[in-house]
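Chemist: For reference, this is protein06.pdb, and it has PDB, C-alpha atoms and all ligand atoms.
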```pdb
ATOM      1  CA  MET H   1     187.430  83.865  87.771  1.00  0.00           C
ATOM      2  CA  GLY H   2     189.113  86.999  86.490  1.00  0.00           C
ATOM      3  CA  SER H   3     191.005  88.505  83.559  1.00  0.00           C
ATOM      4  CA  PRO H   4     194.211  86.974  82.225  1.00  0.00           C
ATOM      5  CA  GLY H   5     196.917  87.938  84.701  1.00  0.00           C
ATOM      6  CA  ALA H   6     194.555  89.116  87.450  1.00  0.00           C
ATOM      7  CA  GLY H   7     196.489  86.939  89.886  1.00  0.00           C
ATOM      8  CA  LYS H   8     194.333  83.790  90.110  1.00  0.00           C
ATOM      9  CA  THR H   9     197.151  81.246  90.204  1.00  0.00           C
ATOM     10  CA  THR H  10     199.286  83.373  92.518  1.00  0.00           C
ATOM     11  CA  LEU H  11     196.382  83.720  94.964  1.00  0.00           C
ATOM     12  CA  LEU H  12     195.751  79.971  94.811  1.00  0.00           C
ATOM     13  CA  LEU H  13     199.376  79.235  95.657  1.00  0.00           C
ATOM     14  CA  ARG H  14     198.978  81.407  98.767  1.00  0.00           C
ATOM     15  CA  LEU H  15     195.642  79.882  99.733  1.00  0.00           C
ATOM     16  CA  ILE H  16     196.933  76.311  99.449  1.00  0.00           C
ATOM     17  CA  GLU H  17     199.488  77.149 102.152  1.00  0.00           C
ATOM     18  CA  ALA H  18     197.167  79.320 104.233  1.00  0.00           C
ATOM     19  CA  LEU H  19     194.360  76.773 104.370  1.00  0.00           C
ATOM     20  CA  LYS H  20     196.560  73.940 105.671  1.00  0.00           C
ATOM     21  CA  PRO H  21     195.845  71.477 107.251  1.00  0.00           C
ATOM     22  CA  LEU H  22     192.861  71.446 104.871  1.00  0.00           C
ATOM     23  CA  ARG H  23     193.763  69.380 101.828  1.00  0.00           C
ATOM     24  CA  VAL H  24     193.222  71.400  98.684  1.00  0.00           C
ATOM     25  CA  GLY H  25     192.724  70.033  95.182  1.00  0.00           C
ATOM     26  CA  VAL H  26     193.017  72.283  92.139  1.00  0.00           C
ATOM     27  CA  MET H  27     191.680  72.154  88.600  1.00  0.00           C
ATOM     28  CA  GLU H  28     193.457  74.573  86.291  1.00  0.00           C
ATOM     29  CA  ALA H  29     191.485  75.431  83.157  1.00  0.00           C
ATOM     30  CA  ASP H  30     193.354  76.981  80.247  1.00  0.00           C
ATOM     31  CA  VAL H  31     193.015  77.132  76.505  1.00  0.00           C
ATOM     32  CA  ASP H  32     196.521  75.707  76.219  1.00  0.00           C
ATOM     33  CA  SER H  33     199.705  74.932  78.198  1.00  0.00           C
ATOM     34  CA  ASP H  34     200.156  73.533  81.681  1.00  0.00           C
ATOM     35  CA  VAL H  35     202.208  76.280  83.327  1.00  0.00           C
ATOM     36  CA  ASP H  36     199.612  76.972  86.019  1.00  0.00           C
ATOM     37  CA  ALA H  37     199.184  73.290  86.892  1.00  0.00           C
ATOM     38  CA  ARG H  38     202.969  72.907  87.130  1.00  0.00           C
ATOM     39  CA  ALA H  39     203.182  75.880  89.506  1.00  0.00           C
ATOM     40  CA  VAL H  40     200.445  74.412  91.703  1.00  0.00           C
ATOM     41  CA  ALA H  41     202.029  70.940  91.634  1.00  0.00           C
ATOM     42  CA  GLU H  42     205.159  72.403  93.222  1.00  0.00           C
ATOM     43  CA  THR H  43     203.148  73.074  96.402  1.00  0.00           C
ATOM     44  CA  GLY H  44     202.372  69.369  96.693  1.00  0.00           C
ATOM     45  CA  ALA H  45     198.634  69.933  96.165  1.00  0.00           C
ATOM     46  CA  ARG H  46     196.765  67.521  93.915  1.00  0.00           C
ATOM     47  CA  VAL H  47     196.181  69.286  90.608  1.00  0.00           C
ATOM     48  CA  ILE H  48     195.011  68.578  87.086  1.00  0.00           C
ATOM     49  CA  GLN H  49     195.188  70.726  83.983  1.00  0.00           C
ATOM     50  CA  LEU H  50     192.054  71.013  81.857  1.00  0.00           C
ATOM     51  CA  HIS H  51     192.103  72.257  78.288  1.00  0.00           C
ATOM     52  CA  THR H  52     188.983  73.831  76.849  1.00  0.00           C
ATOM     53  CA  ALA H  53     189.865  73.382  73.163  1.00  0.00           C
ATOM     54  CA  GLY H  54     189.634  77.088  72.479  1.00  0.00           C
ATOM     55  CA  LEU H  55     186.527  77.731  74.582  1.00  0.00           C
ATOM     56  CA  CYS H  56     186.646  80.836  76.775  1.00  0.00           C
ATOM     57  CA  HIS H  57     184.956  79.225  79.789  1.00  0.00           C
ATOM     58  CA  MET H  58     184.313  76.013  81.709  1.00  0.00           C
ATOM     59  CA  ASP H  59     180.853  74.487  82.040  1.00  0.00           C
ATOM     60  CA  ALA H  60     179.289  72.054  84.498  1.00  0.00           C
ATOM     61  CA  ASP H  61     179.899  68.994  82.356  1.00  0.00           C
ATOM     62  CA  MET H  62     183.579  69.797  81.846  1.00  0.00           C
ATOM     63  CA  THR H  63     183.897  70.473  85.568  1.00  0.00           C
ATOM     64  CA  TRP H  64     182.234  67.166  86.442  1.00  0.00           C
ATOM     65  CA  ARG H  65     184.586  65.243  84.170  1.00  0.00           C
ATOM     66  CA  GLY H  66     187.496  67.153  85.695  1.00  0.00           C
ATOM     67  CA  LEU H  67     186.432  66.173  89.213  1.00  0.00           C
ATOM     68  CA  GLU H  68     186.300  62.531  88.162  1.00  0.00           C
ATOM     69  CA  ARG H  69     189.872  62.782  86.920  1.00  0.00           C
ATOM     70  CA  LEU H  70     191.100  64.732  89.946  1.00  0.00           C
ATOM     71  CA  LYS H  71     189.478  62.250  92.364  1.00  0.00           C
ATOM     72  CA  LEU H  72     187.999  63.679  95.537  1.00  0.00           C
ATOM     73  CA  ASP H  73     189.134  61.102  98.082  1.00  0.00           C
ATOM     74  CA  GLY H  74     191.227  62.740 100.799  1.00  0.00           C
ATOM     75  CA  LEU H  75     190.434  66.296  99.665  1.00  0.00           C
ATOM     76  CA  ASP H  76     188.609  68.890 101.783  1.00  0.00           C
ATOM     77  CA  VAL H  77     188.105  71.546  99.137  1.00  0.00           C
ATOM     78  CA  VAL H  78     188.605  71.904  95.395  1.00  0.00           C
ATOM     79  CA  PHE H  79     189.371  75.138  93.575  1.00  0.00           C
ATOM     80  CA  LEU H  80     188.705  75.583  89.885  1.00  0.00           C
ATOM     81  CA  GLU H  81     190.682  78.326  88.154  1.00  0.00           C
ATOM     82  CA  ASN H  82     188.521  79.280  85.202  1.00  0.00           C
ATOM     83  CA  ILE H  83     189.790  80.646  81.887  1.00  0.00           C
ATOM     84  CA  GLY H  84     191.134  84.199  82.174  1.00  0.00           C
ATOM     85  CA  ASN H  85     188.167  86.254  80.993  1.00  0.00           C
ATOM     86  CA  LEU H  86     185.675  88.653  82.622  1.00  0.00           C
ATOM     87  CA  VAL H  87     182.783  87.727  80.317  1.00  0.00           C
ATOM     88  CA  CYS H  88     182.177  84.052  79.407  1.00  0.00           C
ATOM     89  CA  PRO H  89     182.958  82.350  82.737  1.00  0.00           C
ATOM     90  CA  ALA H  90     180.100  84.326  84.333  1.00  0.00           C
ATOM     91  CA  GLU H  91     177.637  82.975  81.788  1.00  0.00           C
ATOM     92  CA  PHE H  92     178.123  79.269  82.508  1.00  0.00           C
ATOM     93  CA  GLU H  93     177.290  77.402  85.687  1.00  0.00           C
ATOM     94  CA  VAL H  94     180.079  75.104  86.853  1.00  0.00           C
ATOM     95  CA  GLY H  95     178.371  73.915  90.036  1.00  0.00           C
ATOM     96  CA  ALA H  96     180.703  75.758  92.404  1.00  0.00           C
ATOM     97  CA  ASP H  97     179.471  76.491  95.936  1.00  0.00           C
ATOM     98  CA  VAL H  98     181.413  79.727  96.084  1.00  0.00           C
ATOM     99  CA  ARG H  99     182.368  81.940  93.183  1.00  0.00           C
ATOM    100  CA  LEU H 100     185.189  84.453  93.459  1.00  0.00           C
ATOM    101  CA  VAL H 101     186.004  87.134  90.925  1.00  0.00           C
ATOM    102  CA  LEU H 102     189.488  88.604  91.038  1.00  0.00           C
ATOM    103  CA  LEU H 103     190.073  92.134  89.808  1.00  0.00           C
ATOM    104  CA  SER H 104     193.612  93.465  89.979  1.00  0.00           C
ATOM    105  CA  VAL H 105     194.435  97.089  90.766  1.00  0.00           C
ATOM    106  CA  PRO H 106     196.106  97.742  87.357  1.00  0.00           C
ATOM    107  CA  GLU H 107     192.888  96.734  85.542  1.00  0.00           C
ATOM    108  CA  GLY H 108     190.965  99.709  86.924  1.00  0.00           C
ATOM    109  CA  ASP H 109     188.026 100.313  89.271  1.00  0.00           C
ATOM    110  CA  ASP H 110     185.520 100.697  86.436  1.00  0.00           C
ATOM    111  CA  LYS H 111     185.340  96.981  85.599  1.00  0.00           C
ATOM    112  CA  PRO H 112     182.079  96.300  87.481  1.00  0.00           C
ATOM    113  CA  LEU H 113     180.478  98.896  85.187  1.00  0.00           C
ATOM    114  CA  LYS H 114     181.800  97.232  82.054  1.00  0.00           C
ATOM    115  CA  TYR H 115     181.411  93.541  82.939  1.00  0.00           C
ATOM    116  CA  PRO H 116     178.393  93.573  85.270  1.00  0.00           C
ATOM    117  CA  LEU H 117     177.349  89.922  84.996  1.00  0.00           C
ATOM    118  CA  MET H 118     180.628  88.718  86.458  1.00  0.00           C
ATOM    119  CA  PHE H 119     180.066  90.813  89.585  1.00  0.00           C
ATOM    120  CA  GLU H 120     176.369  89.879  89.806  1.00  0.00           C
ATOM    121  CA  LYS H 121     177.206  86.178  89.755  1.00  0.00           C
ATOM    122  CA  SER H 122     180.091  86.207  92.237  1.00  0.00           C
ATOM    123  CA  ASP H 123     179.936  85.696  95.995  1.00  0.00           C
ATOM    124  CA  ALA H 124     183.106  87.679  96.557  1.00  0.00           C
ATOM    125  CA  LEU H 125     185.195  90.286  94.791  1.00  0.00           C
ATOM    126  CA  VAL H 126     188.890  89.877  95.535  1.00  0.00           C
ATOM    127  CA  VAL H 127     190.762  93.043  94.606  1.00  0.00           C
ATOM    128  CA  THR H 128     194.269  91.756  93.955  1.00  0.00           C
ATOM    129  CA  LYS H 129     197.717  93.411  93.727  1.00  0.00           C
ATOM    130  CA  LEU H 130     196.885  95.829  96.520  1.00  0.00           C
ATOM    131  CA  ASP H 131     200.614  96.537  96.814  1.00  0.00           C
ATOM    132  CA  ALA H 132     200.326  98.367  93.451  1.00  0.00           C
ATOM    133  CA  LEU H 133     197.716 100.854  94.730  1.00  0.00           C
ATOM    134  CA  ASN H 134     200.203 103.753  94.868  1.00  0.00           C
ATOM    135  CA  TRP H 135     200.930 103.494  91.150  1.00  0.00           C
ATOM    136  CA  PHE H 136     197.394 103.355  89.785  1.00  0.00           C
ATOM    137  CA  ASP H 137     194.296 105.543  90.049  1.00  0.00           C
ATOM    138  CA  PHE H 138     192.275 102.741  91.554  1.00  0.00           C
ATOM    139  CA  ASP H 139     189.564 103.848  93.998  1.00  0.00           C
ATOM    140  CA  LEU H 140     188.754 100.904  96.274  1.00  0.00           C
ATOM    141  CA  GLU H 141     185.578 102.464  97.674  1.00  0.00           C
ATOM    142  CA  LYS H 142     184.249 103.312  94.221  1.00  0.00           C
ATOM    143  CA  CYS H 143     185.009  99.830  92.958  1.00  0.00           C
ATOM    144  CA  ALA H 144     183.359  98.138  95.955  1.00  0.00           C
ATOM    145  CA  GLY H 145     180.334 100.465  95.640  1.00  0.00           C
ATOM    146  CA  ARG H 146     179.937  99.615  91.957  1.00  0.00           C
ATOM    147  CA  ALA H 147     180.087  95.901  92.687  1.00  0.00           C
ATOM    148  CA  ARG H 148     177.608  96.197  95.590  1.00  0.00           C
ATOM    149  CA  LYS H 149     175.178  98.155  93.443  1.00  0.00           C
ATOM    150  CA  LEU H 150     175.045  95.144  91.109  1.00  0.00           C
ATOM    151  CA  ASN H 151     175.113  92.586  93.896  1.00  0.00           C
ATOM    152  CA  PRO H 152     174.345  93.835  97.432  1.00  0.00           C
ATOM    153  CA  MET H 153     175.454  90.489  98.916  1.00  0.00           C
ATOM    154  CA  ILE H 154     178.937  90.495  97.375  1.00  0.00           C
ATOM    155  CA  ARG H 155     181.832  90.401  99.854  1.00  0.00           C
ATOM    156  CA  VAL H 156     184.870  92.520  99.019  1.00  0.00           C
ATOM    157  CA  PHE H 157     188.405  91.462  99.970  1.00  0.00           C
ATOM    158  CA  PRO H 158     191.316  93.719  98.994  1.00  0.00           C
ATOM    159  CA  VAL H 159     194.466  91.573  99.062  1.00  0.00           C
ATOM    160  CA  SER H 160     198.064  91.404  98.004  1.00  0.00           C
ATOM    161  CA  ALA H 161     199.411  87.928  97.383  1.00  0.00           C
ATOM    162  CA  LYS H 162     202.843  89.555  97.280  1.00  0.00           C
ATOM    163  CA  THR H 163     202.826  91.121 100.768  1.00  0.00           C
ATOM    164  CA  GLY H 164     200.095  88.972 102.325  1.00  0.00           C
ATOM    165  CA  GLU H 165     197.962  92.033 103.155  1.00  0.00           C
ATOM    166  CA  GLY H 166     194.264  91.152 103.479  1.00  0.00           C
ATOM    167  CA  MET H 167     194.874  87.425 103.059  1.00  0.00           C
ATOM    168  CA  ALA H 168     193.830  86.542 106.626  1.00  0.00           C
ATOM    169  CA  GLU H 169     190.331  87.995 106.111  1.00  0.00           C
ATOM    170  CA  LEU H 170     189.831  86.115 102.846  1.00  0.00           C
ATOM    171  CA  GLU H 171     191.119  82.898 104.360  1.00  0.00           C
ATOM    172  CA  ALA H 172     188.804  83.236 107.393  1.00  0.00           C
ATOM    173  CA  TRP H 173     185.807  83.823 105.158  1.00  0.00           C
ATOM    174  CA  LEU H 174     186.628  80.784 103.023  1.00  0.00           C
ATOM    175  CA  ARG H 175     187.020  78.610 106.105  1.00  0.00           C
ATOM    176  CA  GLY H 176     183.620  79.851 107.300  1.00  0.00           C
ATOM    177  CA  ARG H 177     182.008  78.967 103.969  1.00  0.00           C
ATOM    178  CA  LEU H 178     183.527  75.509 104.154  1.00  0.00           C
ATOM    179  CA  ARG H 179     182.200  74.978 107.702  1.00  0.00           C
ATOM    180  CA  GLU H 180     178.725  76.071 106.527  1.00  0.00           C
ATOM    181  CA  TRP H 181     178.907  73.629 103.648  1.00  0.00           C
ATOM    182  CA  ARG H 182     179.966  70.757 105.919  1.00  0.00           C
ATOM    183  CA  GLY H 183     177.144  71.586 108.328  1.00  0.00           C
ATOM    184  CA  ARG H 184     174.473  71.242 105.657  1.00  0.00           C
TER     185      ARG H 184
HETATM  186  N1  LIG H 201     202.610  93.067  92.525  1.00  0.00           N
HETATM  187  C1  LIG H 201     201.843  91.981  92.536  1.00  0.00           C
HETATM  188  N2  LIG H 201     201.886  91.133  91.487  1.00  0.00           N
HETATM  189  C2  LIG H 201     201.092  90.050  91.544  1.00  0.00           C
HETATM  190  C3  LIG H 201     200.238  89.763  92.629  1.00  0.00           C
HETATM  191  N3  LIG H 201     199.554  88.624  92.354  1.00  0.00           N
HETATM  192  C4  LIG H 201     199.993  88.221  91.150  1.00  0.00           C
HETATM  193  N4  LIG H 201     200.919  89.064  90.656  1.00  0.00           N
HETATM  194  C5  LIG H 201     201.646  88.941  89.368  1.00  0.00           C
HETATM  195  O1  LIG H 201     200.716  89.055  88.294  1.00  0.00           O
HETATM  196  C6  LIG H 201     201.123  88.227  87.200  1.00  0.00           C
HETATM  197  C7  LIG H 201     199.974  87.310  86.792  1.00  0.00           C
HETATM  198  O2  LIG H 201     199.668  86.462  87.884  1.00  0.00           O
HETATM  199  P1  LIG H 201     198.949  85.060  87.693  1.00  0.00           P
HETATM  200  O3  LIG H 201     198.711  84.515  89.060  1.00  0.00           O
HETATM  201  O4  LIG H 201     199.694  84.219  86.732  1.00  0.00           O
HETATM  202  O5  LIG H 201     197.574  85.502  87.017  1.00  0.00           O
HETATM  203  P2  LIG H 201     196.389  84.596  86.483  1.00  0.00           P
HETATM  204  O6  LIG H 201     195.144  85.327  86.774  1.00  0.00           O
HETATM  205  O7  LIG H 201     196.504  83.221  87.039  1.00  0.00           O
HETATM  206  O8  LIG H 201     196.658  84.584  84.904  1.00  0.00           O
HETATM  207  P3  LIG H 201     196.036  83.592  83.776  1.00  0.00           P
HETATM  208  O9  LIG H 201     196.078  82.198  84.353  1.00  0.00           O
HETATM  209  O10 LIG H 201     196.964  83.769  82.626  1.00  0.00           O
HETATM  210  O11 LIG H 201     194.662  84.073  83.490  1.00  0.00           O
HETATM  211  C8  LIG H 201     202.352  87.471  87.694  1.00  0.00           C
HETATM  212  O12 LIG H 201     203.500  88.140  87.198  1.00  0.00           O
HETATM  213  C9  LIG H 201     202.283  87.582  89.201  1.00  0.00           C
HETATM  214  O13 LIG H 201     203.525  87.509  89.841  1.00  0.00           O
HETATM  215  C10 LIG H 201     200.243  90.671  93.743  1.00  0.00           C
HETATM  216  O14 LIG H 201     199.530  90.524  94.748  1.00  0.00           O
HETATM  217  N5  LIG H 201     201.045  91.766  93.613  1.00  0.00           N
HETATM  218 MG    MG H 202     196.564  81.379  86.092  1.00  0.00          MG
END
```
Go ahead and express the file in the form of structure tokens.

Modeler:
Amino acid sequence: MGSPGAGKTTLLLRLIEALKPLRVGVMEADVDSDVDARAVAETGARVIQLHTAGLCHMDADMTWRGLERLKLDGLDVVFLENIGNLVCPAEFEVGADVRLVLLSVPEGDDKPLKYPLMFEKSDALVVTKLDALNWFDFDLEKCAGRARKLNPMIRVFPVSAKTGEGMAELEAWLRGRLREWRGR
């Protein structure tokens, strides 16, 4: 989850490579177009594009139907990229085991104050576009503190999909979550 342009698809492209040999499936949800699904398809990952007919979020039923279309055989993990929006996607359960919210440096460190539900409902805050930190007044500590005040359990991962900074920590955490899930 995250605003339009926060870097969701770009991060996914990185994760698909980083998580190999795990086989990743992707469901791209958008109001229109299939540009994100096309970008993901170039990696060789199995991907489907979902259209929400103008809705600003996915819900559990739409996700379930998407999974039926994607087909789970041979996949180890499925990512759902929700509609770009910091409000609605937090309000609807999609049945995900792990929820990530992406907040990019140019958006500003005040977003947990303005869109609290998103940060309350997420397991991890991924601060993206870390390579842009020198050009914006983004205070990482303040941002993380604001998110933790809303959700003391939230994990914070500052990353740059461009330079790869911070990606190893996020990848390790995701692998750990997957192992936990398999051990259930
Ligand atoms: N500098 C920099 N740019 C990035 C980074 N990650 C993504 N971008 C750029 O940010 C823009 C938006 O990235 P996307 O991955 O399309 O964002 P998105 O969240 O999937 O956008 P929507 O699907 O439209 O909601 C693109 O121009 C990316 O190249 C990063 O780590 N650093
Ligand atoms: Mg996208």

Chemist: Using only C-alpha atoms, find the one residue out of H:Gly54, H:Pro106, H:Gly44, H:Gly5 that sits nearest to Glu17 of chain H.

Modeler: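 Comparing H:Gly54, H:Pro106, H:Gly44, H:Gly5 against Glu17 of chain H, the winner is H:Gly44.
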
Chemist: Just give me the gap between atom CA of Asp109 of chain H and atom CA of Lys8 of chain H in Å, one decimal is fine.

Modeler: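 Separation of atom CA of Asp109 of chain H and atom CA of Lys8 of chain H: 17.7 Å.
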
Chemist: Counting only C-alpha atoms and all ligand atoms, what are the residues, protein, DNA or RNA alike, that approach ligand LIG 201 (chain H) to within 6 Å? I want them as an MDAnalysis selection string.

Modeler: chainID H and resid 3:10 84 128:129 131:132 160:162

Chemist: Once the PyMOL selection byres (((chain H and resi 168-170) around 9) and not hetatm) has been applied to the shown file, what residues remain in the selection, as a list in words?

Modeler: Ala18, Val126, Val156, Phe157, Pro158, Val159, Gly164, Glu165, Gly166, Met167, Glu171, Ala172, Trp173, Leu174 and Arg175 of chain H

Chemist: All residues within 12 Å of ligand MG 202 (chain H) are required, counting only C-alpha atoms and all ligand atoms; please report them as JSON, numbers by chain.

Modeler: {"H": [1, 2, 3, 4, 5, 6, 7, 8, 9, 10, 11, 12, 13, 26, 27, 28, 29, 30, 31, 32, 33, 34, 35, 36, 37, 38, 39, 40, 49, 80, 81, 82, 83, 84, 85, 102]}

Chemist: Dump as an NGL selection string all residues having an atom at most 12 Å from (173.5, 96.7, 93.9), computed in the file's coordinates with all atoms listed in the file.

Modeler: :H and (112-113 or 116-117 or 119-121 or 143-154)

Chemist: Could you check the closest approach to Gly25 of chain H for each of H:His51, H:Phe79, H:Gly66, H:Asp59 and tell me which residue wins, using only C-alpha atoms?

Modeler: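 Among the listed residues, H:Phe79 lies closest to Gly25 of chain H.
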
Chemist: Between atom CA of Leu100 of chain H and atom CA of Leu67 of chain H, what is the distance in Å, rounded to a tenth?

Modeler: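 Answer for the atom CA of Leu100 of chain H to atom CA of Leu67 of chain H separation: 18.8 Å.
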
Chemist: Just to confirm, what's the straight-line distance from atom CA of Asn134 of chain H to atom CA of Leu103 of chain H in Å (one decimal)?

Modeler: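 Here the two named atoms are 16.2 Å from each other.
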
Chemist: Evaluate the PyMOL selection byres (((chain H and resi 21-24) around 7) and not hetatm) on the structure here and hand back the selected residues as a list in words.

Modeler: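 When the PyMOL selection byres (((chain H and resi 21-24) around 7) and not hetatm) is applied to the shown file, the picked residues are Ile16, Leu19, Lys20, Gly25, Val26, Ala45, Leu75, Asp76, Val77 and Val78 of chain H.
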
Chemist: For each of H:Val87, H:Ile48, H:Ala41, H:Ala96, take the minimum atom-to-atom distance to Ala60 of chain H, counting all atoms listed in the file, then give the residue where this is smallest.

Modeler: H:Ala96

Chemist: Considering only C-alpha atoms, state which residue in the set H:Arg179, H:Asp97, H:His57, H:Leu130 is at the smallest distance from Thr163 of chain H.

Modeler: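 Closest residue, counting only C-alpha atoms: H:Leu130.
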
Chemist: May I have the protein, DNA and RNA residues with any atom at most 10 Å from the point (175.5, 79.6, 81.9), counting all atoms listed in the file, written as number ranges by chain?

Modeler: H: 57-60, 88-94
